[in-house]
>>> print(open('run18.cif').read())   # mmCIF, C-alpha atoms and all ligand atoms
data_protein
loop_
_atom_site.group_PDB
_atom_site.id
_atom_site.type_symbol
_atom_site.label_atom_id
_atom_site.label_comp_id
_atom_site.auth_asym_id
_atom_site.auth_seq_id
_atom_site.Cartn_x
_atom_site.Cartn_y
_atom_site.Cartn_z
ATOM 1 C CA MET L 1 99.845 93.906 119.415
ATOM 2 C CA LYS L 2 96.894 96.207 118.740
ATOM 3 C CA LYS L 3 94.978 95.693 115.501
ATOM 4 C CA SER L 4 96.405 97.930 112.747
ATOM 5 C CA THR L 5 98.813 99.997 114.783
ATOM 6 C CA THR L 6 98.983 103.400 113.105
ATOM 7 C CA ILE L 7 102.253 105.309 113.295
ATOM 8 C CA CYS L 8 102.960 108.706 111.797
ATOM 9 C CA PHE L 9 106.397 110.092 110.995
ATOM 10 C CA CYS L 10 106.222 113.733 111.943
ATOM 11 C CA ASN L 11 108.538 116.714 112.318
ATOM 12 C CA ASN L 12 107.884 120.219 111.050
ATOM 13 C CA LYS L 13 111.581 120.548 110.282
ATOM 14 C CA GLY L 14 112.046 119.800 106.590
ATOM 15 C CA GLY L 15 114.502 117.147 105.464
ATOM 16 C CA SER L 16 114.751 115.417 108.837
ATOM 17 C CA GLY L 17 114.319 111.939 107.342
ATOM 18 C CA LYS L 18 110.559 111.377 107.734
ATOM 19 C CA SER L 19 109.927 109.895 104.274
ATOM 20 C CA THR L 20 113.168 107.886 104.330
ATOM 21 C CA CYS L 21 112.337 106.371 107.735
ATOM 22 C CA CYS L 22 108.692 105.760 106.824
ATOM 23 C CA SER L 23 109.491 103.928 103.564
ATOM 24 C CA ASN L 24 112.372 101.875 104.946
ATOM 25 C CA VAL L 25 110.862 100.984 108.320
ATOM 26 C CA GLY L 26 107.665 100.089 106.420
ATOM 27 C CA TYR L 27 109.545 97.832 104.046
ATOM 28 C CA ALA L 28 111.557 96.277 106.904
ATOM 29 C CA LEU L 29 108.341 95.488 108.819
ATOM 30 C CA SER L 30 106.876 93.856 105.696
ATOM 31 C CA THR L 31 109.928 91.579 105.409
ATOM 32 C CA MET L 32 109.371 90.598 109.043
ATOM 33 C CA GLY L 33 106.016 89.132 107.986
ATOM 34 C CA TYR L 34 103.783 92.073 108.890
ATOM 35 C CA ARG L 35 101.176 93.434 106.485
ATOM 36 C CA VAL L 36 101.910 97.107 106.062
ATOM 37 C CA LEU L 37 99.978 99.986 104.537
ATOM 38 C CA LEU L 38 101.873 103.198 103.789
ATOM 39 C CA VAL L 39 100.027 106.508 103.484
ATOM 40 C CA ASP L 40 101.741 109.340 101.622
ATOM 41 C CA GLY L 41 100.512 112.490 103.340
ATOM 42 C CA ASP L 42 102.827 114.956 101.596
ATOM 43 C CA MET L 43 102.447 116.916 98.364
ATOM 44 C CA GLN L 44 106.146 116.257 97.641
ATOM 45 C CA LEU L 45 105.153 112.634 96.845
ATOM 46 C CA ASN L 46 108.419 111.344 98.335
ATOM 47 C CA LEU L 47 106.914 108.247 99.939
ATOM 48 C CA SER L 48 105.228 107.293 96.653
ATOM 49 C CA LEU L 49 108.482 107.957 94.774
ATOM 50 C CA SER L 50 110.252 105.569 97.130
ATOM 51 C CA PHE L 51 108.398 102.692 95.458
ATOM 52 C CA PHE L 52 107.396 103.841 91.973
ATOM 53 C CA GLU L 53 109.050 105.689 89.095
ATOM 54 C CA GLU L 54 108.123 109.335 88.630
ATOM 55 C CA ASP L 55 105.784 108.692 85.631
ATOM 56 C CA LYS L 56 103.735 106.238 87.630
ATOM 57 C CA VAL L 57 103.542 108.546 90.664
ATOM 58 C CA LEU L 58 102.389 111.448 88.488
ATOM 59 C CA GLU L 59 99.795 109.154 86.942
ATOM 60 C CA PHE L 60 98.391 108.395 90.422
ATOM 61 C CA ALA L 61 98.464 112.115 91.186
ATOM 62 C CA GLN L 62 96.604 113.077 87.997
ATOM 63 C CA SER L 63 94.140 110.179 87.913
ATOM 64 C CA GLY L 64 92.500 111.135 91.185
ATOM 65 C CA HIS L 65 93.513 107.785 92.655
ATOM 66 C CA ASN L 66 95.238 109.384 95.619
ATOM 67 C CA LEU L 67 94.919 110.567 99.195
ATOM 68 C CA TYR L 68 93.970 114.119 98.238
ATOM 69 C CA THR L 69 90.816 113.028 96.388
ATOM 70 C CA ALA L 70 89.877 110.676 99.217
ATOM 71 C CA VAL L 71 90.263 113.319 101.923
ATOM 72 C CA LYS L 72 88.732 116.171 99.938
ATOM 73 C CA ASP L 73 85.614 114.108 99.253
ATOM 74 C CA GLY L 74 85.562 112.385 102.657
ATOM 75 C CA LEU L 75 85.787 108.905 101.060
ATOM 76 C CA ASP L 76 86.753 105.528 102.461
ATOM 77 C CA LEU L 77 90.512 105.210 101.922
ATOM 78 C CA LYS L 78 90.145 101.487 101.213
ATOM 79 C CA GLU L 79 89.307 102.329 97.595
ATOM 80 C CA PHE L 80 92.625 104.159 97.133
ATOM 81 C CA ILE L 81 95.063 101.389 98.105
ATOM 82 C CA ILE L 82 97.642 100.342 95.519
ATOM 83 C CA PRO L 83 99.984 97.348 95.865
ATOM 84 C CA THR L 84 103.715 98.189 95.807
ATOM 85 C CA PRO L 85 106.050 95.813 93.955
ATOM 86 C CA TYR L 86 106.645 94.093 97.321
ATOM 87 C CA GLU L 87 104.707 91.462 99.194
ATOM 88 C CA HIS L 88 102.660 92.578 102.218
ATOM 89 C CA LEU L 89 103.302 96.232 101.378
ATOM 90 C CA ASP L 90 100.632 98.539 99.964
ATOM 91 C CA ILE L 91 100.394 102.305 99.614
ATOM 92 C CA ILE L 92 97.916 105.126 99.287
ATOM 93 C CA PRO L 93 99.742 107.590 97.028
ATOM 94 C CA SER L 94 99.642 111.347 97.296
ATOM 95 C CA SER L 95 99.032 114.216 94.898
ATOM 96 C CA THR L 96 100.696 117.575 94.348
ATOM 97 C CA LEU L 97 97.215 118.999 94.973
ATOM 98 C CA MET L 98 97.790 118.190 98.652
ATOM 99 C CA SER L 99 99.201 121.719 98.671
ATOM 100 C CA SER L 100 95.605 122.957 98.886
ATOM 101 C CA ILE L 101 94.393 120.450 101.453
ATOM 102 C CA GLU L 102 94.279 123.063 104.249
ATOM 103 C CA TYR L 103 91.861 125.102 102.139
ATOM 104 C CA GLU L 104 89.730 122.035 101.383
ATOM 105 C CA LEU L 105 89.546 121.095 105.067
ATOM 106 C CA PHE L 106 88.631 124.552 106.247
ATOM 107 C CA ALA L 107 84.847 124.377 105.852
ATOM 108 C CA LYS L 108 84.416 120.718 106.740
ATOM 109 C CA TRP L 109 82.536 119.397 109.756
ATOM 110 C CA GLN L 110 84.948 117.864 112.309
ATOM 111 C CA ARG L 111 87.775 118.725 109.978
ATOM 112 C CA GLU L 112 90.500 117.270 112.211
ATOM 113 C CA LEU L 113 88.961 113.820 112.020
ATOM 114 C CA ILE L 114 88.573 113.277 108.275
ATOM 115 C CA LEU L 115 91.652 111.085 107.872
ATOM 116 C CA ARG L 116 90.751 109.058 110.951
ATOM 117 C CA LYS L 117 87.262 108.424 109.547
ATOM 118 C CA GLY L 118 88.700 107.562 106.115
ATOM 119 C CA LEU L 119 90.961 104.931 107.680
ATOM 120 C CA LYS L 120 88.270 103.495 109.946
ATOM 121 C CA SER L 121 87.154 100.586 107.782
ATOM 122 C CA ILE L 122 90.755 99.629 106.913
ATOM 123 C CA LYS L 123 91.633 99.567 110.599
ATOM 124 C CA ALA L 124 88.479 97.663 111.514
ATOM 125 C CA SER L 125 89.145 95.008 108.858
ATOM 126 C CA GLY L 126 92.443 94.135 110.563
ATOM 127 C CA GLU L 127 93.875 93.636 107.068
ATOM 128 C CA TYR L 128 97.072 95.452 108.036
ATOM 129 C CA ASP L 129 99.281 95.059 111.090
ATOM 130 C CA PHE L 130 100.804 98.505 110.596
ATOM 131 C CA ILE L 131 99.622 101.675 108.914
ATOM 132 C CA LEU L 132 102.503 104.152 108.518
ATOM 133 C CA ILE L 133 101.765 107.757 107.588
ATOM 134 C CA ASP L 134 104.373 110.133 106.162
ATOM 135 C CA ALA L 135 103.620 113.705 107.272
ATOM 136 C CA PRO L 136 104.656 116.914 105.501
ATOM 137 C CA PRO L 137 107.068 119.401 107.150
ATOM 138 C CA THR L 138 104.294 121.653 108.459
ATOM 139 C CA LEU L 139 102.051 122.107 111.488
ATOM 140 C CA GLY L 140 98.427 122.835 110.720
ATOM 141 C CA GLY L 141 95.028 121.309 110.119
ATOM 142 C CA TRP L 142 96.298 118.530 107.883
ATOM 143 C CA VAL L 143 99.039 117.426 110.286
ATOM 144 C CA MET L 144 96.387 117.595 113.007
ATOM 145 C CA ASN L 145 94.394 115.083 110.907
ATOM 146 C CA ILE L 146 97.457 112.833 110.717
ATOM 147 C CA LEU L 147 97.973 113.010 114.496
ATOM 148 C CA CYS L 148 94.291 112.291 115.179
ATOM 149 C CA ALA L 149 94.454 109.216 112.935
ATOM 150 C CA SER L 150 97.562 107.804 114.654
ATOM 151 C CA ASP L 151 98.245 105.681 117.722
ATOM 152 C CA TYR L 152 101.918 106.609 117.778
ATOM 153 C CA MET L 153 104.235 109.221 116.440
ATOM 154 C CA ILE L 154 107.888 108.771 115.512
ATOM 155 C CA VAL L 155 109.913 111.968 115.269
ATOM 156 C CA PRO L 156 112.929 111.715 112.965
ATOM 157 C CA VAL L 157 115.486 114.332 113.972
ATOM 158 C CA GLU L 158 118.517 115.135 111.895
ATOM 159 C CA ALA L 159 121.789 115.246 113.827
ATOM 160 C CA SER L 160 122.623 118.778 112.650
ATOM 161 C CA PRO L 161 122.679 122.261 114.235
ATOM 162 C CA TRP L 162 119.231 123.118 112.919
ATOM 163 C CA GLY L 163 117.873 119.627 113.438
ATOM 164 C CA LEU L 164 116.655 120.484 116.920
ATOM 165 C CA PHE L 165 115.351 123.890 115.986
ATOM 166 C CA GLY L 166 111.586 123.925 115.985
ATOM 167 C CA LEU L 167 111.214 120.695 117.951
ATOM 168 C CA ALA L 168 109.759 122.669 120.870
ATOM 169 C CA ASN L 169 107.094 124.110 118.546
ATOM 170 C CA MET L 170 106.160 120.654 117.452
ATOM 171 C CA PHE L 171 105.775 119.364 120.998
ATOM 172 C CA GLU L 172 103.672 122.402 121.822
ATOM 173 C CA PHE L 173 101.487 121.665 118.804
ATOM 174 C CA LEU L 174 101.246 118.082 119.960
ATOM 175 C CA HIS L 175 100.032 119.163 123.402
ATOM 176 C CA SER L 176 97.368 121.275 121.711
ATOM 177 C CA THR L 177 95.994 118.129 120.050
ATOM 178 C CA GLU L 178 95.731 116.186 123.314
ATOM 179 C CA GLU L 179 92.011 116.807 123.660
ATOM 180 C CA ILE L 180 91.128 115.600 120.178
ATOM 181 C CA ALA L 181 93.809 112.918 119.951
ATOM 182 C CA PRO L 182 93.892 111.507 123.487
ATOM 183 C CA ASP L 183 95.182 108.103 122.383
ATOM 184 C CA LEU L 184 98.213 109.393 120.535
ATOM 185 C CA SER L 185 101.582 108.824 122.139
ATOM 186 C CA ILE L 186 105.128 109.604 121.062
ATOM 187 C CA MET L 187 106.889 106.337 120.358
ATOM 188 C CA GLY L 188 110.267 108.001 120.128
ATOM 189 C CA ILE L 189 112.792 110.204 118.460
ATOM 190 C CA ALA L 190 114.811 108.599 115.687
ATOM 191 C CA ILE L 191 118.151 110.283 115.134
ATOM 192 C CA THR L 192 118.932 110.367 111.426
ATOM 193 C CA LYS L 193 121.667 111.348 108.977
ATOM 194 C CA VAL L 194 124.355 110.834 111.589
ATOM 195 C CA ASP L 195 127.918 111.650 110.628
ATOM 196 C CA GLU L 196 130.163 110.574 113.479
ATOM 197 C CA ARG L 197 133.051 112.657 112.197
ATOM 198 C CA LYS L 198 131.053 115.648 113.329
ATOM 199 C CA ASN L 199 130.999 116.366 117.059
ATOM 200 C CA TYR L 200 127.580 117.901 116.728
ATOM 201 C CA TYR L 201 126.079 114.425 116.624
ATOM 202 C CA LYS L 202 127.071 113.796 120.253
ATOM 203 C CA GLN L 203 125.656 117.135 121.315
ATOM 204 C CA THR L 204 122.327 116.389 119.557
ATOM 205 C CA LEU L 205 122.151 113.036 121.303
ATOM 206 C CA GLU L 206 122.925 114.481 124.736
ATOM 207 C CA THR L 207 120.363 117.261 124.299
ATOM 208 C CA LEU L 208 117.652 114.826 123.237
ATOM 209 C CA GLN L 209 118.419 112.377 126.020
ATOM 210 C CA GLU L 210 117.765 115.172 128.504
ATOM 211 C CA VAL L 211 114.126 115.290 127.379
ATOM 212 C CA GLU L 212 113.072 112.742 129.946
ATOM 213 C CA GLU L 213 109.527 112.118 128.823
ATOM 214 C CA VAL L 214 110.528 111.127 125.293
ATOM 215 C CA LYS L 215 112.400 107.979 124.334
ATOM 216 C CA VAL L 216 115.275 108.206 121.883
ATOM 217 C CA PHE L 217 115.540 105.041 119.778
ATOM 218 C CA ASP L 218 118.756 103.073 120.387
ATOM 219 C CA THR L 219 119.229 102.760 116.637
ATOM 220 C CA HIS L 220 120.737 105.825 114.985
ATOM 221 C CA ILE L 221 120.559 106.070 111.200
ATOM 222 C CA HIS L 222 123.882 107.117 109.703
ATOM 223 C CA VAL L 223 124.444 109.109 106.554
ATOM 224 C CA ASP L 224 124.775 106.546 103.797
ATOM 225 C CA SER L 225 124.940 107.217 100.082
ATOM 226 C CA ALA L 226 123.083 103.932 99.491
ATOM 227 C CA VAL L 227 119.941 105.694 100.813
ATOM 228 C CA GLU L 228 120.094 108.283 98.040
ATOM 229 C CA TRP L 229 120.937 105.747 95.326
ATOM 230 C CA ALA L 230 118.062 103.577 96.478
ATOM 231 C CA GLN L 231 115.665 106.541 96.317
ATOM 232 C CA ASP L 232 116.971 107.438 92.871
ATOM 233 C CA ASN L 233 116.041 103.899 91.819
ATOM 234 C CA SER L 234 112.626 104.001 93.574
ATOM 235 C CA LYS L 235 113.623 101.171 95.883
ATOM 236 C CA PRO L 236 113.936 100.682 99.637
ATOM 237 C CA VAL L 237 117.604 100.614 100.645
ATOM 238 C CA LEU L 238 117.097 97.047 101.886
ATOM 239 C CA VAL L 239 116.314 96.033 98.304
ATOM 240 C CA TYR L 240 118.861 98.267 96.623
ATOM 241 C CA LYS L 241 121.791 97.317 98.872
ATOM 242 C CA LYS L 242 120.942 94.815 101.542
ATOM 243 C CA SER L 243 124.476 94.797 102.947
ATOM 244 C CA SER L 244 124.594 98.583 103.466
ATOM 245 C CA ARG L 245 124.928 100.092 106.916
ATOM 246 C CA SER L 246 121.625 101.962 106.619
ATOM 247 C CA ALA L 247 119.747 98.821 105.501
ATOM 248 C CA ASN L 248 120.822 97.094 108.702
ATOM 249 C CA GLU L 249 119.966 100.155 110.754
ATOM 250 C CA PHE L 250 116.445 100.311 109.320
ATOM 251 C CA ILE L 251 115.943 96.637 110.220
ATOM 252 C CA ALA L 252 117.126 97.397 113.765
ATOM 253 C CA LEU L 253 114.804 100.412 113.988
ATOM 254 C CA ALA L 254 111.875 98.318 112.713
ATOM 255 C CA LYS L 255 112.628 95.725 115.417
ATOM 256 C CA GLU L 256 112.545 98.450 118.063
ATOM 257 C CA VAL L 257 109.187 99.615 116.683
ATOM 258 C CA GLU L 258 107.905 96.031 116.733
ATOM 259 C CA ALA L 259 108.981 95.583 120.362
ATOM 260 C CA LEU L 260 107.301 98.830 121.448
ATOM 261 C CA CYS L 261 104.013 97.718 119.853
ATOM 262 C CA GLN L 262 103.829 94.335 121.612
HETATM 263 N N1 LIG X 301 120.542 108.105 106.148
HETATM 264 C C1 LIG X 301 120.637 108.940 105.117
HETATM 265 N N2 LIG X 301 121.795 109.019 104.401
HETATM 266 C C2 LIG X 301 121.915 109.861 103.356
HETATM 267 N N3 LIG X 301 120.934 110.678 102.937
HETATM 268 C C3 LIG X 301 119.769 110.651 103.601
HETATM 269 C C4 LIG X 301 119.543 109.799 104.719
HETATM 270 N N4 LIG X 301 118.276 109.994 105.171
HETATM 271 C C5 LIG X 301 117.740 110.920 104.374
HETATM 272 N N5 LIG X 301 118.620 111.328 103.438
HETATM 273 C C6 LIG X 301 118.417 112.357 102.412
HETATM 274 O O1 LIG X 301 118.044 113.548 103.061
HETATM 275 C C7 LIG X 301 117.004 114.208 102.359
HETATM 276 C C8 LIG X 301 115.808 114.386 103.295
HETATM 277 O O2 LIG X 301 115.307 113.110 103.659
HETATM 278 P P1 LIG X 301 113.734 112.872 103.686
HETATM 279 O O3 LIG X 301 113.119 113.282 102.393
HETATM 280 O O4 LIG X 301 113.499 111.497 104.170
HETATM 281 O O5 LIG X 301 113.328 113.893 104.807
HETATM 282 P P2 LIG X 301 111.860 114.448 105.131
HETATM 283 O O6 LIG X 301 111.838 114.780 106.582
HETATM 284 O O7 LIG X 301 110.848 113.488 104.653
HETATM 285 O O8 LIG X 301 111.828 115.768 104.249
HETATM 286 P P3 LIG X 301 110.538 116.725 104.059
HETATM 287 O O9 LIG X 301 110.434 117.482 105.330
HETATM 288 O O10 LIG X 301 110.906 117.566 102.883
HETATM 289 O O11 LIG X 301 109.364 115.838 103.819
HETATM 290 C C9 LIG X 301 116.696 113.358 101.145
HETATM 291 O O12 LIG X 301 117.377 113.895 100.037
HETATM 292 C C10 LIG X 301 117.261 111.989 101.482
HETATM 293 O O13 LIG X 301 117.752 111.329 100.348
HETATM 294 MG MG MG X 302 109.191 113.868 103.420
#
>>> encode(input="run18.cif", output="C-alpha cells")
Amino acid sequence: MKKSTTICFCNNKGGSGKSTCCSNVGYALSTMGYRVLLVDGDMQLNLSLSFFEEDKVLEFAQSGHNLYTAVKDGLDLKEFIIPTPYEHLDIIPSSTLMSSIEYELFAKWQRELILRKGLKSIKASGEYDFILIDAPPTLGGWVMNILCASDYMIVPVEASPWGLFGLANMFEFLHSTEEIAPDLSIMGIAITKVDERKNYYKQTLETLQEVEEVKVFDTHIHVDSAVEWAQDNSKPVLVYKKSSRSANEFIALAKEVEALCQ
C-alpha cells in the first residue's frame, strides 16, 4: 500500500452520504489496525460532529484550531490535528467560516494546491495509513483543492430519483482537473441509503453499472435508523450499534477500500 493513501468523499449532490461514509469507513479502517486521519472539508461540520458533541465542535470552530485557519493562512495541517475518542483515529475539524473559503483562495498563488501543500508533511511522515477528506456538496476552487490533494475519490450516490442527477457535471468537473491532479483516480461509486422496497434502487444500480469506466462497490449501504441515532450521539455506527446492518456494511466497504489500495 502507498504511504498515506488519501481518499476524498465527493459528490456535488447534497445529502448523498459523503460524511456518513467518510466517518464510518474511517472508523472501520482504524479498527482494522490502520492509522487514520480524517479531514473535515465542509462548513456544515458534519464529519466533526460525527465524533464530538456540538459544544466541542463549535469550540474548535471558534478557537481557530481548524481547517479553515490552516488553509486561509497556508499553514502546515500537522498543527491542527486533534485526537478523536478512538485509537488510531485523528481529525482536523472544520469551521463554519469555510463558507468563505472560495473568497480566501481567490487571490492566492497556486490556489488549487494549498490543501495538498498543507498535507505534505503529514503524508511524508507516514504517520497515517489513510487520510480521508469529507468534501462539501459543491464544485469549485475548494473542491478542486480537495481533488488535487487526493489519490482516490469515492463517490457516494444515494439510491433515489435525484441521486444520479448532477453526476455527469461532477465527472465533467473531474476531467477538468486532470491536468492539475494527474494522479487522482476514482476508486468507485458507493451506493447509499438503499431501500430495497423501492424499485428505484435497482434502476439506480443498473444505470451506474452501465458506466463502464467506473467501479461500483459491491457493498451497498442500506437505510438504517442506527446511522441517524449514532450521529445524534456523535458516535460511529460501529460503536453505537455494532450489530446493526449498516455497521456491518461499513466494515465490508472498508475492506473493499483496503483491497483496492493494496
Ligand atoms: N445509511 C443511512 N441510513 C439512514 N440515514 C442515512 C444513511 N446515510 C446517511 N443518512 C442520513 O442522510 C443524511 C445525509 O447524509 P450525509 O450527511 O452523510 O450526506 P452528505 O453527502 O455528507 O450531505 P452534504 O452534501 O450535506 O454534505 C443525514 O441526515 C444522514 O443521517
Ligand atoms: Mg456532508
>>> residues_around(input="run18.cif", residues="Leu113 in chain L", least_positions_apart="4", cutoff="7 Å", atoms="only C-alpha atoms", output="list in words")
Lys117, Asn145 and Cys148 of chain L
>>> atom_distance(input="run18.cif", atom1="CA of Glu213 in chain L", atom2="atom MG of ligand MG 302 (chain X)")
25.5 Å
>>> closest_residue(input="run18.cif", among="L:Glu196, L:Asp73, L:Asp224, L:Asp218", to="Glu256 in chain L", atoms="only C-alpha atoms")
L:Asp218
>>> atom_distance(input="run18.cif", atom1="CA of Ser23 in chain L", atom2="CA of Tyr200 in chain L")
26.4 Å
>>> residues_around(input="run18.cif", residues="Gly26 in chain L", least_positions_apart="5", cutoff="9 Å", atoms="only C-alpha atoms", output="list in words")
Cys21, Thr31, Val36, Leu37, Leu38, Leu89, Phe130, Ile131, Leu132 and Ala254 of chain L
>>> build_atoms(input="run18.cif", residues="range 26-45 of chain L", atoms="N, CA and C atoms", output="mmCIF file, keeping the file's coordinate frame")
data_model
loop_
_atom_site.group_PDB
_atom_site.id
_atom_site.type_symbol
_atom_site.label_atom_id
_atom_site.label_comp_id
_atom_site.auth_asym_id
_atom_site.auth_seq_id
_atom_site.Cartn_x
_atom_site.Cartn_y
_atom_site.Cartn_z
ATOM 1 N N GLY L 26 108.843 100.792 106.969
ATOM 2 C CA GLY L 26 107.665 100.089 106.420
ATOM 3 C C GLY L 26 108.088 98.842 105.667
ATOM 4 N N TYR L 27 109.077 98.988 104.808
ATOM 5 C CA TYR L 27 109.545 97.832 104.046
ATOM 6 C C TYR L 27 110.128 96.774 104.999
ATOM 7 N N ALA L 28 110.943 97.229 105.964
ATOM 8 C CA ALA L 28 111.557 96.277 106.904
ATOM 9 C C ALA L 28 110.473 95.493 107.664
ATOM 10 N N LEU L 29 109.423 96.183 108.100
ATOM 11 C CA LEU L 29 108.341 95.488 108.819
ATOM 12 C C LEU L 29 107.664 94.460 107.903
ATOM 13 N N SER L 30 107.529 94.800 106.623
ATOM 14 C CA SER L 30 106.876 93.856 105.696
ATOM 15 C C SER L 30 107.738 92.607 105.511
ATOM 16 N N THR L 31 109.061 92.768 105.545
ATOM 17 C CA THR L 31 109.928 91.579 105.409
ATOM 18 C C THR L 31 109.918 90.736 106.695
ATOM 19 N N MET L 32 109.452 91.347 107.782
ATOM 20 C CA MET L 32 109.371 90.598 109.043
ATOM 21 C C MET L 32 108.036 89.850 109.136
ATOM 22 N N GLY L 33 107.273 89.881 108.039
ATOM 23 C CA GLY L 33 106.016 89.132 107.986
ATOM 24 C C GLY L 33 104.776 89.948 108.307
ATOM 25 N N TYR L 34 104.944 91.223 108.592
ATOM 26 C CA TYR L 34 103.783 92.073 108.890
ATOM 27 C C TYR L 34 103.172 92.602 107.594
ATOM 28 N N ARG L 35 101.862 92.817 107.634
ATOM 29 C CA ARG L 35 101.176 93.434 106.485
ATOM 30 C C ARG L 35 101.151 94.934 106.755
ATOM 31 N N VAL L 36 101.684 95.680 105.823
ATOM 32 C CA VAL L 36 101.910 97.107 106.062
ATOM 33 C C VAL L 36 101.223 97.953 104.984
ATOM 34 N N LEU L 37 100.541 98.994 105.453
ATOM 35 C CA LEU L 37 99.978 99.986 104.537
ATOM 36 C C LEU L 37 100.693 101.312 104.774
ATOM 37 N N LEU L 38 101.220 101.897 103.696
ATOM 38 C CA LEU L 38 101.873 103.198 103.789
ATOM 39 C C LEU L 38 100.912 104.264 103.275
ATOM 40 N N VAL L 39 100.902 105.411 103.922
ATOM 41 C CA VAL L 39 100.027 106.508 103.484
ATOM 42 C C VAL L 39 100.903 107.730 103.232
ATOM 43 N N ASP L 40 100.915 108.185 101.986
ATOM 44 C CA ASP L 40 101.741 109.340 101.622
ATOM 45 C C ASP L 40 100.943 110.624 101.861
ATOM 46 N N GLY L 41 101.285 111.303 102.956
ATOM 47 C CA GLY L 41 100.512 112.490 103.340
ATOM 48 C C GLY L 41 101.134 113.798 102.882
ATOM 49 N N ASP L 42 102.090 113.735 101.950
ATOM 50 C CA ASP L 42 102.827 114.956 101.596
ATOM 51 C C ASP L 42 102.740 115.248 100.098
ATOM 52 N N MET L 43 102.530 116.511 99.783
ATOM 53 C CA MET L 43 102.447 116.916 98.364
ATOM 54 C C MET L 43 103.757 116.697 97.607
ATOM 55 N N GLN L 44 104.873 116.490 98.330
ATOM 56 C CA GLN L 44 106.146 116.257 97.641
ATOM 57 C C GLN L 44 106.234 114.848 97.049
ATOM 58 N N LEU L 45 105.283 113.990 97.409
ATOM 59 C CA LEU L 45 105.153 112.634 96.845
ATOM 60 C C LEU L 45 106.358 111.730 97.132
#
